[in-house]
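*Asks:* Dropping a structure here in structure tokens format, bear with me for questions.
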Amino acid sequence: MSNTTIPSAASASASASASASGAADATAAPESAASGSEITGVGVSPGRVIGRVARMAPPVEAPDPAEKAAPGRSIDDEYARITDAAAAVQAELTARAATVSGDARDVLEATALMASDPTLAKAAKKLLDDGRSAERAVWEAGTSIAEQFAALGGYMGERAQDVYDVRARLVAALRGVSAPGLPNPGHPYVLVAVDLAPADTATLDPAQVIALVTSDGGPQSHTAILARALGIPAVVAAPQATTLTDGSEVYVDGTRGRVILDPSDAERADADLAARQSEALVPFDGIGRLSDGHEVALLANIGGVKDAAAAVDANAQGVGLFRTEFLFLGRDTEPSVEEQVSDYRAVFAAFPDKKVVLRTLDAGADKPLAFLTNDDEPNPALGIRGYRTSLEKRQVLVNQLRAIQTAREAENADVWVMAPMIATADEAADFVGLCREAGLPTNGVMIEVPSAALTAAHIFATADFVSLGTNDLTQYTMAADRQLGSLSALNDPWQPAVLQLVQHVGQAGRAAVSASASATTGKPVGVCGEAAADPALAVVLVGLGVTTLSMTSRAIQAVSTVLRSVTLDEAETIAAAVIAAPTAAEARRIAREHLPILETLGL
Amino acid sequence: MAERQATIASRVGLHARPASLFIDAVNRQPVEVTIAAKGSDDLDASSILSIMSLGAANGDVVTLKAEGDGAEAALEELAQLLETDLDAE
């Protein structure tokens with residue numbers, strides 16, 4: 001990548017306006033962002049901060065099979081490059097191992113030893129004989145060892161991944177580029193990447209990362225979910241972010257979706273204001289309600305016991321989405337009922353007398369499971385996933401329900417159960433039937449397929465409740481892949497079509513006749529998708545008939561504060577105005593206009 | 001050529017932490033050491049990849065070999081290390 005000449009003040013402001021208006025036009029993109037220039041994207045987690053950029057290093061690409069050592073280099077020269085790189089990688093991993101403990105430390109120490117392993121070095125040296133470059137020799141030697149391990153399976157098979165990791169680090173060191181994975185600048189930073197996957201961010205230290213910026217991704221991508229869980233600003237789908245370089249200072253506005261390089265005094269003042277505003281948020285007291293007392297329970301989305309602890313800290317009124325995949329992912333065989341019981345109990349025990357809505361196994365699509373799903377579907381998102389896996393592998397679901405019931409009887413949580421990916425009233429009836437056979441008292445379904453939203457009235461004939469999975473509902477309604485940043489405008493829960501489906505389900509819920517003794521009509525309609533975490537959208541959802549909201553624990557405080565600024569009548573009026581809007585942008589604008597508290601709180 | 005057999009005492013076998021500790025000890029010796037198990041070739045005992053490929057489990061017997069001054073003492077020290085439950089540390 002060549003460097004542009006340093007622009008003068010005049011040309012800097014000219015290119016600033018060019019890049020701001022041309023952000024979506026690739027041909028107008030400058031090679032590197034000029035000082036003061038603004039990069040636009042989609043704001044997915046509110047807040048404004050200033051910090052230094054550290055880029056996620058891209059994965060290491062295989063050296064070309066024909067790559068040879070530079071002319072004039074002897075085999076000994078090339079070998080010396082390998083041993084130098086090995087020593088450097090070993091030193092870095094050993095230093096990192098010293099900062100962690102337990103299993104993580106053992107893995108890093110073993111990996112450090114792999115980097116400088118004499119067997120690997122010898123194998124690479126042999127490959128230098130016919131003129132291969134050090135990079136190519138190391139790549140091939142590493143590949144061969146990793147494949148041997150993989151073929152052994154079991155514990156050795158798992159270590160193959162470590163060998164691939166070492167291979168990548170050695171080649172990166174030889175090339176003089178950053179090691180793959182999270183950067184380690186030694187100070188808090190703004191993480192900039194093309195996109196972020198759960199594997200990339202598993203070891204992310206929230207004390208170090210103060211904002212997220214990705215050039216790809218969308219409002220419901222992993223980046224958005226992670227940022228909201230951490231409570232840090234995030235901007236996604238910002239193609240110009242590829243021009244940001246390590247060490248540059250940026251102002252990140254996750255509320256409006258802007259990144260400004262080399263911020264001025266105006267941005268610094270705004271970042272200070274943001275810090276003061278976040279202190280003004282009132283801690284949640286455990287009662288979700290509007291200003292007139294109308295109750296809307298605020299629950300947490302969790303994936304396991306650690307999340308449960310965060311939910312309890314945030315005073316969540318219970319769990320609106322307990323994802324159970326953690327028990328199943330990455331395994332060759334189904335976990336035993338005993339194992340499941342133990343894990344479910346650990347979560348139920350954290351919420352005595354509180355509601356815990358458990359979602360049965362949601363495998364397939366981006367969450368494949370060896371013992372359950374096919375990996376050769378042409379369109380996994382439209383394939384055998386969620387509830388559909390029980391069409392052929394019914395016993396897995398039956399076993400899970402049995403485990404849930406056993407765990408439920410041993411604890412005091414108010415356990416509800418729901419199935420993902422339900423498309424018809426038949427499927428809902430089948431699932432609810434299975435649950436009742438297992439002895440479970442309160443059973444419902446997720447509404448994430450448009451057909452289920454449209455036929456909600458029929459679904460309510462058997463389901464005790466429904467929960468709107470707005471992430472997937474948006475994806476399917478707008479026919480736009482959640483993972484594509486280029487489609488982020490479509491993958492937006494503010495889209496009128498999506499809101500209209502929510503309204504339809506809300507109305508069906510109100511009209512549904514509850515079989516309970518009190519003869520009041522109405523069955524619960526929850527929202528557990530990311531939409532619930534957006535305070536402005538939360539008001540609209542309540543106005544459309546949603547009865548509970550479940551979100552990442554960290555978002556509860558802001559949502560609660562904004563809900564308490566309106567009455568139910570006001571929420572319904574705002575919802576009516578919003579749903580009449582022809583576009584998502586207009587819908588947002590109308591909501592913000594009616595909710596001045598958002599400005600005050602910097603949300 | 002000095003030779004010594006040792007029975008792996010670590011519960012996890014010669015993997016992860018026990019393997020790292022063993023290799024640290026091998027690297028401290030004045031002689032080069034080889035290790036073999038279950039009919040394998042004599043492998044470089046300072047190579048974690050080689051040791052891992054042995055797949056030595058708790059209770060397995062490994063054969064250590066070394067040559068030169070200090071070989072006997074080196075193998076004695078290493079054998080005692082392997083016969084300690086390194087997981088317990």
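Chain labels follow the order of the structure tokens: the first chain is A, the next B, and so on; residue numbering restarts at 1 in every chain, and ligands are counted from 1 in their shown order.
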Write out as a list in words every residue belonging to chain B that has an atom at most 7 Å from any atom of chain A, counting only C-alpha atoms.

*Replies:*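 Written out as asked, the residues are Ala16, Arg17, Ser20, Ser47, Ile48 and Leu49 of chain B.
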
*Asks:* Could you dump the residues just selected with N, CA and C atoms as a short mmCIF file (atom, residue, chain, number, x, y, z; two decimals), in the first residue's frame?

*Replies:*
data_model
loop_
_atom_site.label_atom_id
_atom_site.label_comp_id
_atom_site.auth_asym_id
_atom_site.auth_seq_id
_atom_site.Cartn_x
_atom_site.Cartn_y
_atom_site.Cartn_z
N ALA B 16 0.70 -31.46 27.84
CA ALA B 16 0.50 -30.12 28.43
C ALA B 16 1.58 -29.79 29.48
N ARG B 17 1.14 -29.49 30.72
CA ARG B 17 2.08 -29.01 31.73
C ARG B 17 3.17 -30.01 32.06
N SER B 20 5.73 -29.86 29.32
CA SER B 20 6.52 -28.63 29.36
C SER B 20 7.58 -28.71 30.45
N SER B 47 11.89 -32.11 22.06
CA SER B 47 10.90 -31.71 21.06
C SER B 47 9.50 -32.01 21.58
N ILE B 48 8.74 -30.97 21.85
CA ILE B 48 7.41 -31.18 22.38
C ILE B 48 6.52 -31.86 21.35
N LEU B 49 6.75 -31.58 20.10
CA LEU B 49 5.93 -32.21 19.06
C LEU B 49 6.19 -33.72 19.04
#

*Asks:* DSSP says strand (DSSP E) for which residues of region 275-370 of chain A? Put them as a list in words?

*Replies:* Ala297, Leu298, Leu299, Ala300, Asn301, Ile302, Gly318, Val319, Gly320, Leu321, Phe322, Arg323, Lys355, Val356, Val357, Leu358 and Arg359 of chain A

*Asks:* Write out the residues from the selection above, keeping N, CA and C atoms, as a compact mmCIF listing (two decimals), in the first residue's frame.

*Replies:*
# COMPACT_ATOMS: atom_id res chain seq x y z
N ALA A 297 -41.56 -6.27 32.10
CA ALA A 297 -40.41 -6.91 32.74
C ALA A 297 -39.18 -6.82 31.84
N LEU A 298 -38.05 -6.51 32.47
CA LEU A 298 -36.79 -6.43 31.74
C LEU A 298 -35.93 -7.62 32.15
N LEU A 299 -35.67 -8.46 31.17
CA LEU A 299 -34.99 -9.72 31.43
C LEU A 299 -33.66 -9.74 30.68
N ALA A 300 -32.86 -10.77 30.96
CA ALA A 300 -31.54 -10.86 30.34
C ALA A 300 -31.46 -12.02 29.35
N ASN A 301 -30.65 -11.83 28.32
CA ASN A 301 -30.31 -12.91 27.40
C ASN A 301 -29.02 -13.52 27.90
N ILE A 302 -29.00 -14.83 28.10
CA ILE A 302 -27.77 -15.45 28.59
C ILE A 302 -27.40 -16.70 27.81
N GLY A 318 -35.20 -11.67 35.44
CA GLY A 318 -35.19 -13.08 35.06
C GLY A 318 -34.45 -13.20 33.75
N VAL A 319 -34.64 -14.31 33.08
CA VAL A 319 -33.97 -14.58 31.81
C VAL A 319 -35.02 -14.76 30.72
N GLY A 320 -34.93 -13.93 29.68
CA GLY A 320 -35.90 -14.04 28.59
C GLY A 320 -35.41 -14.94 27.48
N LEU A 321 -34.11 -15.25 27.50
CA LEU A 321 -33.56 -16.14 26.49
C LEU A 321 -32.35 -16.84 27.11
N PHE A 322 -32.51 -18.11 27.41
CA PHE A 322 -31.39 -18.91 27.88
C PHE A 322 -31.01 -19.80 26.71
N ARG A 323 -29.90 -19.44 26.06
CA ARG A 323 -29.43 -20.20 24.91
C ARG A 323 -28.74 -21.46 25.41
N LYS A 355 -38.43 -15.83 36.47
CA LYS A 355 -38.70 -16.49 35.20
C LYS A 355 -37.40 -16.79 34.47
N VAL A 356 -37.28 -18.01 33.94
CA VAL A 356 -36.15 -18.34 33.07
C VAL A 356 -36.73 -19.01 31.83
N VAL A 357 -36.61 -18.34 30.69
CA VAL A 357 -37.15 -18.89 29.45
C VAL A 357 -36.01 -19.56 28.70
N LEU A 358 -36.11 -20.86 28.57
CA LEU A 358 -35.03 -21.63 27.97
C LEU A 358 -35.38 -21.94 26.52
N ARG A 359 -34.41 -21.72 25.63
CA ARG A 359 -34.64 -22.02 24.22
C ARG A 359 -34.01 -23.37 23.92

*Asks:* Using only C-alpha atoms, pick whichever of A:Val347, A:Leu603, A:Ile75, A:Val177 has the shortest atom-to-atom distance to Asp414 (chain A).

*Replies:*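 For Asp414 (chain A), the nearest of the candidates is A:Val347.
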
*Asks:* One decimal, Å: what's the distance from CA of Val396 (chain A) over to CA of Pro335 (chain A), could you say?

*Replies:* 9.4 Å

*Asks:* Interatomic distance between CA of Val540 (chain A) and CA of Val525 (chain A)?

*Replies:*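 Taking CA of Val540 (chain A) and CA of Val525 (chain A), their separation equals 13.9 Å.
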
*Asks:* Counting only C-alpha atoms, what is within 10 Å of region 49-54 of chain A, bar same-chain residues fewer than 5 positions away, as a VMD selection string?

*Replies:* chain A and resid 182 to 185 187 to 193 209 to 213 232 to 234 244 to 254 259 to 263 267 to 268 270 to 275

*Asks:* Mind checking which residues fall within 9 Å of region 434-439 of chain A, counting only C-alpha atoms, ignoring those fewer than 5 positions away in the same chain, and posting them as a VMD selection string?

*Replies:* chain A and resid 397 to 398 401 to 402 404 to 405 417 429

*Asks:* Give the answer as one residue: which of B:Ala2, B:Ile51, B:Val62, B:Leu82 has the shortest atom-to-atom distance to Glu32 (chain B), using only C-alpha atoms?

*Replies:*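 Closest candidate: B:Ala2.
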
*Asks:* What's around Leu537 (chain A) at 9 Å? Count only C-alpha atoms, leave out sequence neighbours fewer than 3 positions away in its own chain, and write the answer as a compact mmCIF listing (two decimals) with N, CA and C atoms, in the first residue's frame.

*Replies:*
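Printed below is result.txt as written:
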# COMPACT_ATOMS: atom_id res chain seq x y z
N PRO A 493 -33.92 -3.73 12.29
CA PRO A 493 -35.24 -4.01 12.86
C PRO A 493 -36.22 -2.84 12.76
N TRP A 494 -35.75 -1.66 12.42
CA TRP A 494 -36.62 -0.51 12.23
C TRP A 494 -37.32 -0.54 10.86
N ALA A 531 -33.14 -6.04 19.07
CA ALA A 531 -34.03 -4.87 19.02
C ALA A 531 -34.43 -4.40 20.42
N ALA A 532 -34.54 -5.35 21.34
CA ALA A 532 -34.99 -5.00 22.70
C ALA A 532 -33.96 -4.13 23.41
N ALA A 533 -32.70 -4.22 22.99
CA ALA A 533 -31.63 -3.48 23.67
C ALA A 533 -31.54 -2.03 23.22
N ASP A 534 -32.28 -1.68 22.19
CA ASP A 534 -32.27 -0.31 21.66
C ASP A 534 -33.36 0.47 22.40
N VAL A 540 -41.11 1.70 21.21
CA VAL A 540 -41.98 1.37 20.08
C VAL A 540 -42.55 -0.05 20.24
N LEU A 541 -41.69 -0.99 20.62
CA LEU A 541 -42.15 -2.37 20.78
C LEU A 541 -43.26 -2.45 21.83
N VAL A 542 -43.08 -1.76 22.94
CA VAL A 542 -44.11 -1.77 23.97
C VAL A 542 -45.40 -1.17 23.43
N ARG A 588 -36.88 5.74 12.59
CA ARG A 588 -35.95 6.12 13.67
C ARG A 588 -36.07 7.59 14.01
N ALA A 591 -39.13 8.39 16.04
CA ALA A 591 -39.00 7.94 17.43
C ALA A 591 -38.10 8.88 18.21

*Asks:* Could you pull out the alpha helix (DSSP H) residues of chain B, going by DSSP on the backbone, and write them as a tab-separated table (two decimals) with C-alpha atoms, in the first residue's frame?

*Replies:*
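Everything below was put into out_15.tsv:
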chain	number	residue	atom	x	y	z
B	16	ALA	CA	0.50	-30.12	28.43
B	17	ARG	CA	2.08	-29.01	31.73
B	18	PRO	CA	3.91	-32.27	32.54
B	19	ALA	CA	5.42	-32.27	29.04
B	20	SER	CA	6.52	-28.63	29.36
B	21	LEU	CA	8.13	-29.30	32.75
B	22	PHE	CA	9.87	-32.40	31.37
B	23	ILE	CA	11.27	-30.47	28.42
B	24	ASP	CA	12.56	-27.68	30.67
B	25	ALA	CA	14.44	-30.38	32.60
B	26	VAL	CA	15.77	-32.01	29.41
B	27	ASN	CA	17.10	-28.66	28.24
B	28	ARG	CA	18.99	-28.23	31.52
B	48	ILE	CA	7.41	-31.18	22.38
B	49	LEU	CA	5.93	-32.21	19.06
B	50	SER	CA	7.78	-35.52	19.22
B	51	ILE	CA	6.80	-36.14	22.82
B	52	MET	CA	3.17	-35.38	22.04
B	53	SER	CA	3.22	-37.78	19.13
B	54	LEU	CA	4.17	-40.59	21.56
B	71	ALA	CA	24.42	-39.19	30.94
B	72	GLU	CA	23.57	-41.50	33.85
B	73	ALA	CA	22.84	-38.64	36.24
B	74	ALA	CA	20.79	-36.84	33.62
B	75	LEU	CA	18.57	-39.86	32.96
B	76	GLU	CA	18.17	-40.47	36.68
B	77	GLU	CA	16.92	-36.93	37.24
B	78	LEU	CA	14.55	-37.06	34.27
B	79	ALA	CA	13.18	-40.48	35.23
B	80	GLN	CA	12.43	-39.27	38.74
B	81	LEU	CA	10.62	-36.27	37.29
B	82	LEU	CA	8.45	-38.47	35.08

*Asks:* Measure the distance from CA of Thr462 (chain A) to CA of Leu440 (chain A) in Å and round it to one decimal.

*Replies:* 13.8 Å

*Asks:* Env of Ala229 (chain A): 6 Å cut, atoms = only C-alpha atoms, seq-sep filter 2 positions within chain, self excluded. Answer as an MDAnalysis selection string.

*Replies:* chainID A and resid 226:227 231 552 554

*Asks:* Find the spatial neighbours of Val33 (chain B), counting only C-alpha atoms, within a cut-off of 8 Å - ignore same-chain residues fewer than 2 positions away - and output them as number ranges by chain.

*Replies:* B: 26, 31, 35, 44-46, 64-67, 75

*Asks:* Could you please take those selected residues and save C-alpha atoms as a PDB file, in the first residue's frame?

*Replies:*
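Dumped everything to part_1.pdb:
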ATOM      1  CA  VAL B  26      15.767 -32.015  29.409  1.00  0.00           C
ATOM      2  CA  VAL B  31      23.717 -34.248  27.236  1.00  0.00           C
ATOM      3  CA  ILE B  35      12.749 -40.805  24.408  1.00  0.00           C
ATOM      4  CA  ASP B  44      14.400 -36.000  20.490  1.00  0.00           C
ATOM      5  CA  ALA B  45      13.261 -35.521  24.100  1.00  0.00           C
ATOM      6  CA  SER B  46      13.531 -31.728  23.801  1.00  0.00           C
ATOM      7  CA  LEU B  64      15.215 -42.602  27.910  1.00  0.00           C
ATOM      8  CA  LYS B  65      18.690 -42.769  26.356  1.00  0.00           C
ATOM      9  CA  ALA B  66      21.716 -40.486  26.498  1.00  0.00           C
ATOM     10  CA  GLU B  67      25.445 -40.650  25.862  1.00  0.00           C
ATOM     11  CA  LEU B  75      18.575 -39.857  32.957  1.00  0.00           C
TER      12      LEU B  75
END

*Asks:* My list of candidates is B:Pro30, B:Thr84, B:Asp42, B:Ala36. Which is closest to Ala56 (chain B) when distances are computed with only C-alpha atoms?

*Replies:*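 Result for the nearest residue to Ala56 (chain B): B:Ala36.
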